[in-house]
Every structure is written in C-alpha cells, then in structure tokens.
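Coordinates as given in my_file_23.csv (CSV, C-alpha atoms and all ligand atoms):
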chain,number,residue,atom,x,y,z
S,30,MET,CA,0.0,0.0,0.0
S,31,ARG,CA,1.0,3.6,-0.5
S,32,ILE,CA,1.1,5.2,2.9
S,33,ALA,CA,1.9,8.8,4.1
S,34,ILE,CA,2.8,9.6,7.7
S,35,THR,CA,2.7,13.2,8.8
S,36,GLY,CA,5.1,13.9,11.6
S,37,GLY,CA,6.8,10.8,10.3
S,38,LEU,CA,10.3,11.8,11.5
S,39,GLY,CA,9.1,12.0,15.1
S,40,PHE,CA,9.3,9.4,17.8
S,41,ILE,CA,6.2,7.4,16.9
S,42,GLY,CA,6.3,8.2,13.2
S,43,THR,CA,9.8,6.7,12.8
S,44,ALA,CA,8.8,3.5,14.6
S,45,LEU,CA,5.7,3.2,12.5
S,46,ALA,CA,7.6,3.9,9.3
S,47,ARG,CA,10.1,1.2,10.1
S,48,ARG,CA,7.4,-1.4,10.7
S,49,LEU,CA,5.4,-0.5,7.5
S,50,ALA,CA,8.5,-0.3,5.2
S,51,GLY,CA,9.6,-3.6,6.7
S,52,ALA,CA,6.3,-5.1,5.7
S,53,GLY,CA,6.9,-4.0,2.1
S,54,HIS,CA,4.7,-0.9,2.0
S,55,ASP,CA,5.5,2.3,0.0
S,56,VAL,CA,6.0,4.9,2.8
S,57,LEU,CA,6.2,8.7,2.5
S,58,LEU,CA,7.1,10.8,5.6
S,59,ILE,CA,6.0,14.4,5.8
S,60,ASP,CA,7.7,16.4,8.4
S,61,ASN,CA,9.1,19.9,8.9
S,62,LEU,CA,11.8,18.7,11.2
S,63,SER,CA,10.7,21.0,14.1
S,64,PRO,CA,13.9,22.3,15.8
S,65,GLN,CA,12.5,21.8,19.3
S,66,ILE,CA,12.4,18.0,18.7
S,67,HIS,CA,15.2,17.6,16.2
S,68,GLY,CA,17.7,20.3,17.3
S,69,ALA,CA,19.0,23.2,15.4
S,70,ILE,CA,20.8,21.1,12.9
S,71,PRO,CA,18.4,18.3,12.1
S,72,ALA,CA,19.9,14.9,12.3
S,73,PRO,CA,16.9,12.6,12.1
S,74,THR,CA,17.1,8.9,12.2
S,75,LEU,CA,16.2,8.4,8.6
S,76,VAL,CA,14.4,5.2,7.8
S,77,GLU,CA,15.9,3.2,5.0
S,78,GLY,CA,13.9,2.8,1.9
S,79,VAL,CA,11.4,5.5,3.0
S,80,ALA,CA,10.8,8.7,1.1
S,81,VAL,CA,10.9,12.0,3.1
S,82,GLU,CA,9.2,15.2,2.2
S,83,ARG,CA,10.3,18.2,4.2
S,84,LEU,CA,7.0,20.1,4.4
S,85,ASP,CA,5.2,22.1,7.0
S,86,ILE,CA,1.8,20.4,7.5
S,87,ARG,CA,0.2,23.8,7.4
S,88,GLU,CA,1.4,24.2,3.8
S,89,ALA,CA,0.1,20.7,2.7
S,90,TYR,CA,-2.9,22.2,0.9
S,91,ALA,CA,-0.5,24.0,-1.4
S,92,ALA,CA,1.4,20.8,-2.1
S,93,ALA,CA,-1.5,18.5,-2.7
S,94,GLU,CA,0.2,16.5,-5.5
S,95,LYS,CA,2.5,15.0,-2.8
S,96,LEU,CA,-0.5,13.3,-1.3
S,97,GLU,CA,-2.0,12.0,-4.5
S,98,GLY,CA,-2.8,8.3,-4.8
S,99,LEU,CA,-2.5,7.3,-1.1
S,100,ASP,CA,-4.2,4.2,0.3
S,101,ILE,CA,-3.7,5.2,4.0
S,102,ALA,CA,-2.8,8.5,5.6
S,103,TYR,CA,-1.5,8.7,9.2
S,104,HIS,CA,-1.7,12.1,10.8
S,105,LEU,CA,0.9,12.4,13.6
S,106,ALA,CA,2.4,15.9,13.0
S,107,ALA,CA,1.8,18.0,16.0
S,108,GLU,CA,3.2,20.3,18.7
S,109,THR,CA,3.0,18.1,21.8
S,110,GLY,CA,4.0,20.0,25.0
S,111,THR,CA,1.1,20.4,27.4
S,112,ALA,CA,2.6,23.1,29.5
S,113,GLN,CA,4.1,25.0,26.6
S,114,SER,CA,0.7,25.0,24.9
S,115,MET,CA,-0.6,27.2,27.7
S,116,TYR,CA,1.3,30.2,26.5
S,117,GLN,CA,2.2,29.4,22.9
S,118,VAL,CA,-1.5,29.3,22.2
S,119,ARG,CA,-1.6,30.5,18.7
S,120,GLY,CA,1.4,28.3,17.7
S,121,TYR,CA,-0.4,25.2,19.0
S,122,VAL,CA,-3.7,26.0,17.4
S,123,ASP,CA,-2.0,26.8,14.2
S,124,VAL,CA,0.1,23.6,13.8
S,125,ASN,CA,-2.4,21.2,15.3
S,126,GLU,CA,-5.7,22.6,14.0
S,127,MET,CA,-4.7,24.5,10.9
S,128,GLY,CA,-2.3,21.7,10.1
S,129,THR,CA,-5.2,19.2,10.2
S,130,ALA,CA,-7.4,21.5,8.1
S,131,SER,CA,-4.6,21.9,5.6
S,132,LEU,CA,-4.1,18.1,5.4
S,133,ILE,CA,-7.9,17.7,4.8
S,134,GLU,CA,-7.8,20.2,1.9
S,135,ALA,CA,-4.8,18.5,0.3
S,136,LEU,CA,-6.6,15.1,0.5
S,137,ALA,CA,-9.8,16.7,-0.9
S,138,LYS,CA,-7.9,17.7,-4.0
S,139,ALA,CA,-6.6,14.2,-4.7
S,140,VAL,CA,-8.1,12.2,-7.5
S,141,LYS,CA,-7.4,9.0,-5.6
S,142,ARG,CA,-8.0,9.6,-1.9
S,143,PRO,CA,-6.9,7.3,0.9
S,144,SER,CA,-9.5,4.9,2.3
S,145,ARG,CA,-8.6,5.8,5.9
S,146,ILE,CA,-7.0,8.7,7.8
S,147,ILE,CA,-5.7,7.4,11.1
S,148,LEU,CA,-5.2,10.1,13.8
S,149,ALA,CA,-2.8,10.1,16.8
S,150,SER,CA,-5.0,11.8,19.3
S,151,SER,CA,-4.4,11.8,23.0
S,152,ARG,CA,-5.9,10.8,26.4
S,153,SER,CA,-5.5,14.5,27.3
S,154,VAL,CA,-8.9,15.1,25.6
S,155,TYR,CA,-10.5,13.5,28.7
S,156,GLY,CA,-8.9,16.0,31.1
S,157,GLU,CA,-8.8,14.2,34.4
S,158,GLY,CA,-10.4,11.0,33.0
S,159,ALA,CA,-12.7,8.7,34.9
S,160,TYR,CA,-13.0,8.4,38.7
S,161,VAL,CA,-15.6,6.9,41.1
S,162,ASP,CA,-16.7,8.0,44.5
S,163,PRO,CA,-15.8,4.9,46.7
S,164,ALA,CA,-19.4,5.2,48.2
S,165,ARG,CA,-20.9,4.9,44.6
S,166,PRO,CA,-18.4,2.7,42.7
S,167,ASP,CA,-21.0,1.9,39.9
S,168,ARG,CA,-21.1,5.6,38.7
S,169,LEU,CA,-18.3,7.1,36.7
S,170,ILE,CA,-17.4,10.7,37.5
S,171,GLN,CA,-15.3,13.0,35.4
S,172,PRO,CA,-14.0,15.7,37.8
S,173,GLN,CA,-13.1,19.2,36.7
S,174,SER,CA,-9.4,20.0,36.2
S,175,ARG,CA,-7.7,21.2,39.3
S,176,LEU,CA,-7.7,25.0,39.8
S,177,PRO,CA,-4.5,26.9,40.5
S,178,GLU,CA,-5.6,27.6,44.0
S,179,GLN,CA,-6.2,23.9,44.7
S,180,LEU,CA,-2.7,23.2,43.5
S,181,ALA,CA,-1.2,26.0,45.5
S,182,ALA,CA,-2.9,24.4,48.6
S,183,HIS,CA,-1.3,21.1,47.7
S,184,ALA,CA,-4.7,19.6,47.4
S,185,TRP,CA,-3.4,17.2,44.9
S,186,GLU,CA,-6.1,14.5,44.8
S,187,LEU,CA,-9.5,15.0,43.2
S,188,ARG,CA,-12.5,15.1,45.6
S,189,GLY,CA,-16.2,14.6,45.1
S,190,ALA,CA,-19.0,17.0,46.1
S,191,ASN,CA,-19.0,15.5,49.6
S,192,GLY,CA,-15.3,16.1,50.0
S,193,ALA,CA,-14.4,12.4,49.7
S,194,GLU,CA,-11.3,11.5,47.8
S,195,LEU,CA,-12.2,10.0,44.4
S,196,THR,CA,-10.6,6.8,43.1
S,197,PRO,CA,-9.3,6.8,39.5
S,198,VAL,CA,-10.6,4.0,37.3
S,199,ALA,CA,-9.9,3.0,33.7
S,200,THR,CA,-11.1,5.7,31.3
S,201,PRO,CA,-13.4,4.6,28.5
S,202,GLU,CA,-13.9,6.4,25.2
S,203,THR,CA,-17.5,7.3,26.1
S,204,LEU,CA,-16.2,10.0,28.5
S,205,PRO,CA,-16.9,13.4,27.0
S,206,PHE,CA,-14.1,15.9,26.0
S,207,ALA,CA,-12.9,17.9,29.0
S,208,PRO,CA,-9.6,19.3,27.8
S,209,GLY,CA,-7.5,20.8,30.7
S,210,SER,CA,-4.8,22.4,28.4
S,211,VAL,CA,-4.6,24.1,25.1
S,212,TYR,CA,-2.7,21.1,23.7
S,213,ALA,CA,-5.7,18.9,24.7
S,214,ALA,CA,-8.2,21.3,23.2
S,215,THR,CA,-6.3,21.1,19.9
S,216,LYS,CA,-6.2,17.3,19.9
S,217,ALA,CA,-10.0,17.3,20.5
S,218,SER,CA,-10.3,19.7,17.6
S,219,GLN,CA,-8.3,17.5,15.3
S,220,GLU,CA,-10.7,14.7,16.1
S,221,LEU,CA,-13.7,16.8,15.4
S,222,LEU,CA,-12.3,18.2,12.1
S,223,LEU,CA,-11.6,14.7,10.8
S,224,ARG,CA,-15.0,13.4,11.9
S,225,ALA,CA,-16.7,16.3,10.3
S,226,ALA,CA,-14.7,16.4,7.0
S,227,ALA,CA,-13.3,13.0,6.2
S,228,PRO,CA,-16.5,10.9,5.6
S,229,ALA,CA,-17.8,13.5,3.1
S,230,LEU,CA,-14.6,12.8,1.1
S,231,GLY,CA,-15.1,9.1,1.3
S,232,ILE,CA,-12.3,8.7,3.8
S,233,LYS,CA,-12.9,6.8,7.1
S,234,PRO,CA,-11.5,8.6,10.1
S,235,VAL,CA,-9.9,6.3,12.7
S,236,ILE,CA,-9.1,8.0,16.0
S,237,PHE,CA,-6.5,6.7,18.5
S,238,ARG,CA,-6.1,8.3,21.9
S,239,PHE,CA,-2.7,7.4,23.2
S,240,GLN,CA,-1.6,7.4,26.8
S,241,ASN,CA,2.0,8.3,27.6
S,242,VAL,CA,4.1,6.6,24.9
S,243,PHE,CA,7.8,5.9,25.6
S,244,GLY,CA,10.6,3.9,24.1
S,245,GLU,CA,13.7,3.9,21.9
S,246,GLY,CA,13.8,6.9,19.6
S,247,GLN,CA,12.0,9.4,21.9
S,248,SER,CA,13.5,12.9,21.7
S,249,LEU,CA,16.1,13.3,24.5
S,250,ARG,CA,16.3,17.0,24.0
S,251,ASN,CA,12.7,18.2,24.1
S,252,PRO,CA,12.2,19.5,27.7
S,253,TYR,CA,8.4,19.9,27.2
S,254,THR,CA,7.3,16.3,26.8
S,255,GLY,CA,8.5,12.8,27.5
S,256,ILE,CA,9.1,12.4,31.2
S,257,ILE,CA,11.2,9.2,30.8
S,258,SER,CA,13.5,10.8,28.3
S,259,ILE,CA,13.9,14.0,30.3
S,260,PHE,CA,14.7,12.1,33.6
S,261,PHE,CA,17.1,9.7,31.8
S,262,ASN,CA,19.0,12.7,30.2
S,263,ARG,CA,19.3,14.3,33.6
S,264,ALA,CA,20.3,11.2,35.5
S,265,ARG,CA,23.1,10.2,33.2
S,266,GLN,CA,24.6,13.7,33.8
S,267,GLY,CA,24.4,13.2,37.6
S,268,LEU,CA,21.6,15.8,37.9
S,269,SER,CA,18.9,15.2,40.5
S,270,ILE,CA,15.4,14.1,39.4
S,271,PRO,CA,12.7,16.6,40.5
S,272,ILE,CA,9.4,14.9,41.0
S,273,TYR,CA,6.4,17.3,40.9
S,274,GLU,CA,3.5,17.3,43.4
S,275,ASP,CA,3.9,14.4,45.9
S,276,GLY,CA,5.0,11.8,43.3
S,277,LEU,CA,1.8,9.8,43.8
S,278,GLU,CA,0.3,11.3,40.6
S,279,SER,CA,0.1,8.5,38.0
S,280,ARG,CA,0.3,7.9,34.3
S,281,ASP,CA,-0.2,5.0,32.0
S,282,PHE,CA,3.1,4.2,30.2
S,283,ILE,CA,2.8,2.3,26.9
S,284,HIS,CA,5.8,1.2,24.8
S,285,VAL,CA,6.0,2.5,21.3
S,286,ASP,CA,6.0,-1.0,19.8
S,287,ASP,CA,2.6,-1.6,21.3
S,288,ILE,CA,1.4,1.7,19.8
S,289,VAL,CA,2.7,0.7,16.4
S,290,ASP,CA,0.9,-2.7,16.7
S,291,GLY,CA,-2.4,-0.7,17.1
S,292,LEU,CA,-1.6,1.7,14.3
S,293,GLU,CA,-0.7,-1.0,11.9
S,294,ALA,CA,-3.8,-3.1,12.7
S,295,ALA,CA,-6.0,-0.1,12.0
S,296,MET,CA,-5.0,-0.1,8.3
S,297,THR,CA,-7.0,-3.2,7.5
S,298,ALA,CA,-9.2,-4.1,10.4
S,299,ASP,CA,-12.9,-4.1,9.9
S,300,LEU,CA,-13.8,-0.9,11.7
S,301,PRO,CA,-17.2,0.9,12.2
S,302,ASP,CA,-17.6,4.5,11.2
S,303,GLY,CA,-16.2,6.9,13.8
S,304,ALA,CA,-14.0,4.2,15.4
S,305,THR,CA,-12.3,5.8,18.4
S,306,MET,CA,-9.9,3.7,20.5
S,307,ASN,CA,-7.8,4.3,23.6
S,308,LEU,CA,-4.3,2.8,23.4
S,309,GLY,CA,-2.5,2.4,26.8
S,310,ALA,CA,-1.0,-0.3,28.9
S,311,GLY,CA,-4.1,0.0,31.0
S,312,ILE,CA,-2.0,0.2,34.2
S,313,PRO,CA,-1.5,3.3,36.3
S,314,THR,CA,2.1,3.9,37.5
S,315,SER,CA,3.0,6.6,40.0
S,316,VAL,CA,5.8,8.9,39.1
S,317,ASN,CA,7.6,7.8,42.3
S,318,ASP,CA,7.5,4.2,41.1
S,319,LEU,CA,8.4,5.2,37.5
S,320,VAL,CA,11.6,7.0,38.7
S,321,ARG,CA,12.6,4.0,40.9
S,322,ALA,CA,12.1,1.6,37.9
S,323,LEU,CA,13.9,3.9,35.5
S,324,LEU,CA,17.0,4.4,37.7
S,325,GLY,CA,17.1,0.7,38.3
S,326,ALA,CA,16.9,-0.1,34.6
S,327,ALA,CA,19.6,2.6,33.8
S,328,GLY,CA,21.9,1.4,36.6
S,329,LEU,CA,22.1,5.1,37.7
S,330,ASP,CA,22.0,6.5,41.2
S,331,VAL,CA,21.2,10.2,41.6
S,332,PRO,CA,19.2,12.2,44.2
S,333,VAL,CA,15.5,12.1,43.8
S,334,GLU,CA,13.6,15.1,45.2
S,335,VAL,CA,9.8,15.2,45.7
S,336,THR,CA,9.5,18.9,45.2
S,337,ALA,CA,5.8,19.8,45.5
S,338,GLN,CA,6.2,21.9,42.4
S,339,TYR,CA,3.3,21.8,40.1
S,340,ARG,CA,2.2,22.9,36.6
S,341,VAL,CA,-1.2,24.3,35.7
S,342,GLY,CA,-2.8,21.9,33.1
S,343,ASP,CA,-1.2,18.7,34.5
S,344,ILE,CA,-3.7,16.0,35.3
S,345,ARG,CA,-3.5,13.9,38.5
S,346,HIS,CA,-4.3,10.4,37.2
S,347,CYS,CA,-5.5,8.8,34.0
S,348,PHE,CA,-5.2,5.2,32.6
S,349,ALA,CA,-6.8,3.6,29.6
S,350,ASP,CA,-9.7,1.2,29.3
S,351,ASN,CA,-8.4,-0.7,26.3
S,352,SER,CA,-11.5,-2.8,25.7
S,353,GLU,CA,-12.6,-1.1,22.5
S,354,ALA,CA,-9.1,-1.6,20.9
S,355,ARG,CA,-9.2,-5.2,22.1
S,356,ARG,CA,-12.7,-5.7,20.6
S,357,LEU,CA,-12.0,-4.0,17.2
S,358,LEU,CA,-8.3,-4.8,16.7
S,359,GLY,CA,-7.5,-7.7,19.0
S,360,PHE,CA,-5.1,-5.3,20.7
S,361,THR,CA,-3.2,-6.3,23.8
S,362,PRO,CA,-0.1,-4.5,25.0
S,363,LYS,CA,2.9,-6.9,25.1
S,364,VAL,CA,5.8,-4.9,26.4
S,365,SER,CA,5.9,-4.6,30.2
S,366,LEU,CA,7.1,-1.3,31.8
S,367,ASP,CA,10.3,-3.0,33.1
S,368,ASP,CA,11.2,-4.5,29.7
S,369,GLY,CA,10.4,-1.3,27.9
S,370,LEU,CA,12.5,0.7,30.3
S,371,ARG,CA,15.5,-1.7,29.8
S,372,ARG,CA,15.1,-1.4,26.1
S,373,PHE,CA,14.8,2.4,26.3
S,374,CYS,CA,17.9,2.7,28.5
S,375,ASP,CA,20.0,0.4,26.3
S,376,TRP,CA,19.2,2.7,23.3
S,377,ALA,CA,19.4,6.0,25.2
S,378,GLY,CA,22.8,5.1,26.6
S,379,THR,CA,24.1,5.0,23.0
S,380,GLN,CA,22.9,8.6,22.3
S,381,PRO,CA,24.7,11.8,23.2
S,382,ALA,CA,23.9,13.5,26.5
S,383,TYR,CA,22.0,16.7,25.8
S,384,GLU,CA,22.1,19.9,27.7
S,385,ASP,CA,19.3,19.7,30.3
S,386,ARG,CA,16.6,22.3,29.7
S,387,LEU,CA,14.0,21.1,32.2
S,388,ASP,CA,14.9,23.8,34.8
S,389,ALA,CA,14.8,26.5,32.1
S,390,ALA,CA,11.4,25.3,30.9
S,391,MET,CA,10.1,25.2,34.5
S,392,ALA,CA,11.4,28.8,35.1
S,393,GLU,CA,9.6,29.9,31.9
S,394,LEU,CA,6.4,28.5,33.3
S,395,ARG,CA,6.9,30.0,36.7
S,396,ALA,CA,7.5,33.4,35.1
S,397,ARG,CA,4.1,33.0,33.4
S,398,LYS,CA,2.4,31.9,36.6
S,399,LEU,CA,1.8,28.5,35.0
S,400,ALA,CA,3.9,26.6,37.5
S,401,ALA,CA,4.8,27.1,41.1
S,402,GLY,CA,5.9,25.4,44.3
Q,501,LIG,N1,4.3,10.5,22.7
Q,501,LIG,C1,3.2,10.5,23.4
Q,501,LIG,O1,3.2,10.2,24.6
Q,501,LIG,C2,1.9,10.9,22.8
Q,501,LIG,C3,0.7,10.7,23.6
Q,501,LIG,C4,-0.5,11.1,23.0
Q,501,LIG,C5,-0.6,11.5,21.7
Q,501,LIG,N2,0.6,11.7,21.0
Q,501,LIG,C6,0.4,12.2,19.6
Q,501,LIG,O2,1.2,11.3,18.7
Q,501,LIG,C7,1.7,12.1,17.7
Q,501,LIG,C8,3.2,11.9,17.5
Q,501,LIG,O3,3.9,12.1,18.8
Q,501,LIG,P1,5.4,11.9,19.0
Q,501,LIG,O4,5.6,11.5,20.4
Q,501,LIG,O5,6.0,11.0,17.9
Q,501,LIG,O6,5.9,13.4,18.8
Q,501,LIG,P2,7.3,14.0,18.2
Q,501,LIG,O7,7.4,15.3,18.7
Q,501,LIG,O8,8.4,13.0,18.4
Q,501,LIG,O9,6.9,13.9,16.6
Q,501,LIG,C9,6.1,14.9,16.0
Q,501,LIG,C10,6.7,15.2,14.7
Q,501,LIG,O10,5.9,16.2,14.0
Q,501,LIG,C11,6.7,17.1,13.4
Q,501,LIG,N3,6.1,18.4,13.2
Q,501,LIG,C12,5.8,19.3,14.2
Q,501,LIG,N4,5.2,20.4,13.7
Q,501,LIG,C13,5.1,20.1,12.3
Q,501,LIG,C14,4.6,20.9,11.2
Q,501,LIG,N5,4.1,22.1,11.4
Q,501,LIG,N6,4.6,20.3,10.0
Q,501,LIG,C15,5.1,19.1,9.8
Q,501,LIG,N7,5.7,18.3,10.8
Q,501,LIG,C16,5.6,18.8,12.1
Q,501,LIG,C17,8.0,17.2,14.2
Q,501,LIG,O11,9.1,17.6,13.5
Q,501,LIG,C18,8.1,15.7,14.7
Q,501,LIG,O12,9.0,15.0,13.8
Q,501,LIG,C19,1.4,13.6,18.0
Q,501,LIG,O13,0.3,14.0,17.2
Q,501,LIG,C20,1.0,13.6,19.5
Q,501,LIG,O14,0.1,14.6,19.8
Q,501,LIG,C21,1.8,11.3,21.5
Could you express the structure from this file as structure tokens?
Ligand SMILES: NC(=O)c1ccc[n+]([C@@H]2O[C@H](COP(=O)([O-])OP(=O)(O)OC[C@H]3O[C@@H](n4cnc5c(N)ncnc54)[C@H](O)[C@@H]3O)[C@@H](O)[C@H]2O)c1
Amino acid sequence: MRIAITGGLGFIGTALARRLAGAGHDVLLIDNLSPQIHGAIPAPTLVEGVAVERLDIREAYAAAEKLEGLDIAYHLAAETGTAQSMYQVRGYVDVNEMGTASLIEALAKAVKRPSRIILASSRSVYGEGAYVDPARPDRLIQPQSRLPEQLAAHAWELRGANGAELTPVATPETLPFAPGSVYAATKASQELLLRAAAPALGIKPVIFRFQNVFGEGQSLRNPYTGIISIFFNRARQGLSIPIYEDGLESRDFIHVDDIVDGLEAAMTADLPDGATMNLGAGIPTSVNDLVRALLGAAGLDVPVEVTAQYRVGDIRHCFADNSEARRLLGFTPKVSLDDGLRRFCDWAGTQPAYEDRLDAAMAELRARKLAAG
C-alpha cells in the first residue's frame, strides 16, 4: 500500500515507518523537522527505503500533489508540549488545528484519496479522566481539572462534592471531551475536524487516543514532553530528578512497539464509522514508582527530590480502558514497563547527552504563573 505519515520523522512516526516499510509498503514521511524536537541542525534517524518530504503540514494544501494516490494517511504531525501550549496558544492551534485543516484540503484535491485517515489523538482530551466515589463505585465521575488555588494548597487529589477523595478508574472512550490544556483542546479539535470532513470525502477517520508513549527513539532534547527521556537525560549527567506534586500522581506508560501494533492493525481491520480507541498499557504507575524503575533499569543512582512543584494543566491520574481496541483490533499491549525501560535505557545510553533544559522550561512556566511550588 502507499502510505503517508505526517510527523513521520518524530518518535512514533519513525517507529511506524520502520514497521510499515519492513512489511513492504511504500511509505512517505511528511515532516518539517521541528527544531524543538530535532535540534537546530536536524539529524533525524532516517528510515531506510522510506521517502521523506520536508514540508510544514500547514502548507500541505498547497502541495496536494505529494498526497496523490494514497491508500492510507496517518496524521501524527503536532506540537506536543502540554505546559508549553498554555502560553504558545496561537502556535499550538496553528500547527495542530490549521495543520489538520490543511491536510484535509490536500486530500480533498486528490483524484485517488486514501480509504482511511488514522489520527494520533491523546488521552488529554478527557482531562482528568474517569473516577468513582468509593461510596458509589458503579457511577463514573469526570472531575473538573484542578484549579491553580487547589494546586497552591497542595490539594493534589480529586475530591467529590461530599469532600471524599475520588478513586481513579480505567477511562473509556465514552467519556466526553474535557480538555485541561490548550494542547488537549487542539487534539479534541483534530478529532472533530476529521470526523466532520473525512467521511464526506469518502475517507474513514480512525481515532486513537494514546496514553504516555515511551521507548527507543523518543527525543532526548525536548524539555516539554516525555518524562522518561527527560529524567534519563538528567540522571546520566548526575543531575537530580525533580518529582512534581507528591510523586503519587500516576500515568499509563505504553511502549512505542505496542502503539505501532495498534496503528498497523487499524489499516486493514474491519472498523465501524467513527472508530475511536484508547491505546494504553491500562496500568497506572505513580511517578515515584516510575523513577525508581527507570533508575534501576539505567543502573544510575542520583538524588530524587519530591518537590511539591506543580504545573497548571497537568492531570493527576489517567489510565486507559483498552477494551474497545481489544474488541476492534484484538489489541493487547505486550511490552511490560520494566522490559520497555530496559530497552529504552539500552538505546538512550548510545545517544549523546544533551544539555538539560528542564529547569529553564520550568522557570519559563513560573514566570508566566503556569507553575509554582
Ligand atoms: N508521545 C506521546 O506520549 C503521545 C501521547 C499522546 C498523543 N501523541 C500524539 O502522537 C503524535 C506523535 O507524537 P510523537 O511523540 O511522535 O511526537 P514527536 O514530537 O516526536 O513527533 C512529532 C513530529 O511532528 C513534526 N512536526 C511538528 N510540527 C510540524 C509541522 N508544522 N509540520 C510538519 N511536521 C511537524 C515534528 O518535526 C516531529 O517530527 C502527536 O500527534 C502527538 O500529539 C503522542
């Protein structure tokens, strides 16, 4: 099949391209080589046998001939920093929303359009995700994002109307959008744009909402996203690991190979209109536990500080209910967190150590009153 991947030189795009090219498909990567991810002098891991078009996705509508004759389009190009999106609002809306609009216009011009467009959306569209009040465990609650004053009071956990602490449970796709950051709002908007426009063009939209993806190939120099890469890059240079809040906040970490399994299966699976699927490990891991496992896998020993710092827009907990992806794609994650961390550390240890920019990124957020503590 002839397949295009926007954002194809990124972390997930590269892994997907390798898999698809290895299976004999004709793959085209569209990417502008964003300096925040690739550095000032781009040195991407080019994928052998794969064509690369250096193109800003926002300009795709003016280069529609590049997208002629596709069987499948994957849309991964995006700006991805949650905290950064809170002040670079126009930039995030421009790349993520206008970029999607531009891609749709380019596909609309094609004589032969792809049968599917497969979107990399995010669990961030749920905001805080699903919880239950322990007194009413049968009723899902989707709490409001935490307000700056709650965070300032270190009231980290979500509480119900009666003040009781809520318990996080697996988040299903049926939960409505409740974006708690500009990034999240743009991912919800990407979904809506594709759902609104693609069927009219005879293209089936397939939406994936990824949890926290990690693994070999993740940018080690982007201080705005990828907690595992950021912490590894610090630890290998002997820098301490700052854990925000109380370290009991949790995320669902899924290895990139499992994500690629889902993305690949979605090309040919029999899917209903509007198919929307979570992809996660389905297991919550606290940041404290993650750091312990990462340092163990890396064989590194550096100070770990639970700092009570916080960032506006960060969620407290979220993990995936994968049952829809299991039902539609037969999806089950295969790589455990410990195996994935070992693989990541083996790879990351072969990469250069990059100047740590986490403290500078945090200082920038503090100056804008988007972080404190
Ligand atoms: N990594 C995760 O944990 C995660 C979680 C949820 C959703 N996602 C989504 O998955 C997708 C891929 O994420 P990733 O982790 O591979 O990110 P990444 O930053 O490694 O890759 C994104 C790629 O998009 C490219 N890009 C950025 N702006 C562009 C533009 N204007 N035109 C063309 N290309 C542009 C970048 O150069 C980069 O190569 C994104 O849409 C992201 O929102 C990722």
In Å to one decimal, how far is atom N4 of ligand LIG 501 (chain Q) from atom CA of Ile86 of chain S? 7.1 Å
Surroundings of ligand LIG 501 (chain Q) up to 7 Å, based on only C-alpha atoms and all ligand atoms, as a ChimeraX atom specification: /S:35-42,59-63,66-67,84-87,104-109,124,128,149-152,216,238-243,247-248,255
Nearby residues, (8.6, 23.6, 32.4) file frame, 9 Å, only C-alpha atoms, as an NGL selection string: :S and (112-113 or 252-253 or 340 or 386-395 or 399-400)
For segment 281-292 of chain S, please output as a PyMOL selection string all residues within 8 Å (counting only C-alpha atoms; exclusion window: fewer than 6 positions along the same chain). chain S and resi 41+44-45+48+147+239-245+308-314+347-349+354+358+360-366+369
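If you count only C-alpha atoms and draw a sphere of 8 Å around (-6.0, 8.3, -7.6), the protein and nucleic acid residues inside it come out as S:Glu97, S:Gly98, S:Leu99, S:Ala139, S:Val140, S:Lys141, S:Arg142.
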Proximity to Ser144 of chain S - best of S:Pro234, S:Gly276, S:Gly325, S:Gly78, all atoms listed in the file: S:Pro234
I'd like the contact shell of Met296 of chain S - 10 Å cut-off, only C-alpha atoms, skipping same-chain residues fewer than 4 positions apart - returned as a PyMOL selection string. chain S and resi 30+32+100-103+144-147+235+291-292+300
Restrict the selected residues to C-alpha atoms and save them as an mmCIF file, keeping the file's coordinate frame.
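Result went into again-v3.cif, see below:
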data_model
loop_
_atom_site.group_PDB
_atom_site.id
_atom_site.type_symbol
_atom_site.label_atom_id
_atom_site.label_comp_id
_atom_site.auth_asym_id
_atom_site.auth_seq_id
_atom_site.Cartn_x
_atom_site.Cartn_y
_atom_site.Cartn_z
ATOM 1 C CA MET S 30 0.000 0.000 0.000
ATOM 2 C CA ILE S 32 1.100 5.200 2.900
ATOM 3 C CA ASP S 100 -4.200 4.200 0.300
ATOM 4 C CA ILE S 101 -3.700 5.200 4.000
ATOM 5 C CA ALA S 102 -2.800 8.500 5.600
ATOM 6 C CA TYR S 103 -1.500 8.700 9.200
ATOM 7 C CA SER S 144 -9.500 4.900 2.300
ATOM 8 C CA ARG S 145 -8.600 5.800 5.900
ATOM 9 C CA ILE S 146 -7.000 8.700 7.800
ATOM 10 C CA ILE S 147 -5.700 7.400 11.100
ATOM 11 C CA VAL S 235 -9.900 6.300 12.700
ATOM 12 C CA GLY S 291 -2.400 -0.700 17.100
ATOM 13 C CA LEU S 292 -1.600 1.700 14.300
ATOM 14 C CA LEU S 300 -13.800 -0.900 11.700
#
Quick one: residues within 12 Å of Val198 of chain S, all atoms listed in the file, excluding same-chain residues fewer than 4 positions away - as number ranges by chain? S: 157-163, 166-171, 279-281, 311-313, 346-350
Would you list the contacts of Glu384 of chain S as a compact mmCIF listing (two decimals) with C-alpha atoms, in the coordinates of the input, taking every protein, DNA or RNA residue within 10 Å and counting only C-alpha atoms, but skipping same-chain residues closer than 3 positions in sequence?
# COMPACT_ATOMS: atom_id res chain seq x y z
CA LEU S 249 16.10 13.30 24.50
CA ARG S 250 16.30 17.00 24.00
CA PRO S 252 12.20 19.50 27.70
CA ASN S 262 19.00 12.70 30.20
CA ARG S 263 19.30 14.30 33.60
CA GLN S 266 24.60 13.70 33.80
CA PRO S 381 24.70 11.80 23.20
CA LEU S 387 14.00 21.10 32.20
Rank S:Asn251, S:Asn317, S:Ser153, S:Ser210 by their smallest atom-to-atom distance to Val118 of chain S, using only C-alpha atoms, and report the top residue only. S:Ser210
Identify which of the residues S:Gly246, S:Gly342, S:Thr200, S:Pro64 lies closest to Arg372 of chain S, counting only C-alpha atoms when measuring atom-to-atom distances. S:Gly246
Residue nearest Gly402 of chain S - candidates S:Leu180, S:Ala229, S:Leu132, S:Ile236, atoms counted: all atoms listed in the file: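 Counting all atoms listed in the file, the residue closest to Gly402 of chain S is S:Leu180.
Atom CA of Ala294 of chain S is positioned 9.4 Å from atom CA of Leu357 of chain S.
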Closest of S:Ile257, S:Leu230, S:Val331, S:Leu277 to Arg371 of chain S - atom-to-atom distances counting only C-alpha atoms: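 Smallest separation from Arg371 of chain S among the options: S:Ile257.
Relative to atom CA of Phe373 of chain S, atom CA of Thr43 of chain S is found at 15.0 Å.
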Pick from S:Tyr155, S:Tyr90, S:Tyr116, S:Tyr121: nearest to Glu134 of chain S, with all atoms listed in the file counted? S:Tyr90
Shell around segment 221-226 of chain S at 8 Å using only C-alpha atoms, local window under 6 positions removed, as a PDB file with C-alpha atoms, keeping the file's coordinate frame:
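Written output follows (out.pdb):
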ATOM      1  CA  THR S 129      -5.200  19.200  10.200  1.00  0.00           C
ATOM      2  CA  ALA S 130      -7.400  21.500   8.100  1.00  0.00           C
ATOM      3  CA  ILE S 133      -7.900  17.700   4.800  1.00  0.00           C
ATOM      4  CA  PRO S 234     -11.500   8.600  10.100  1.00  0.00           C
ATOM      5  CA  GLY S 303     -16.200   6.900  13.800  1.00  0.00           C
TER       6      GLY S 303
END
3 Å per side around segment 391-398 of chain S: axis-aligned box centre and edge lengths, as lines of an AutoDock Vina configuration file:
center_x = 6.9
center_y = 29.3
center_z = 34.3
size_x = 15.0
size_y = 14.2
size_z = 10.8
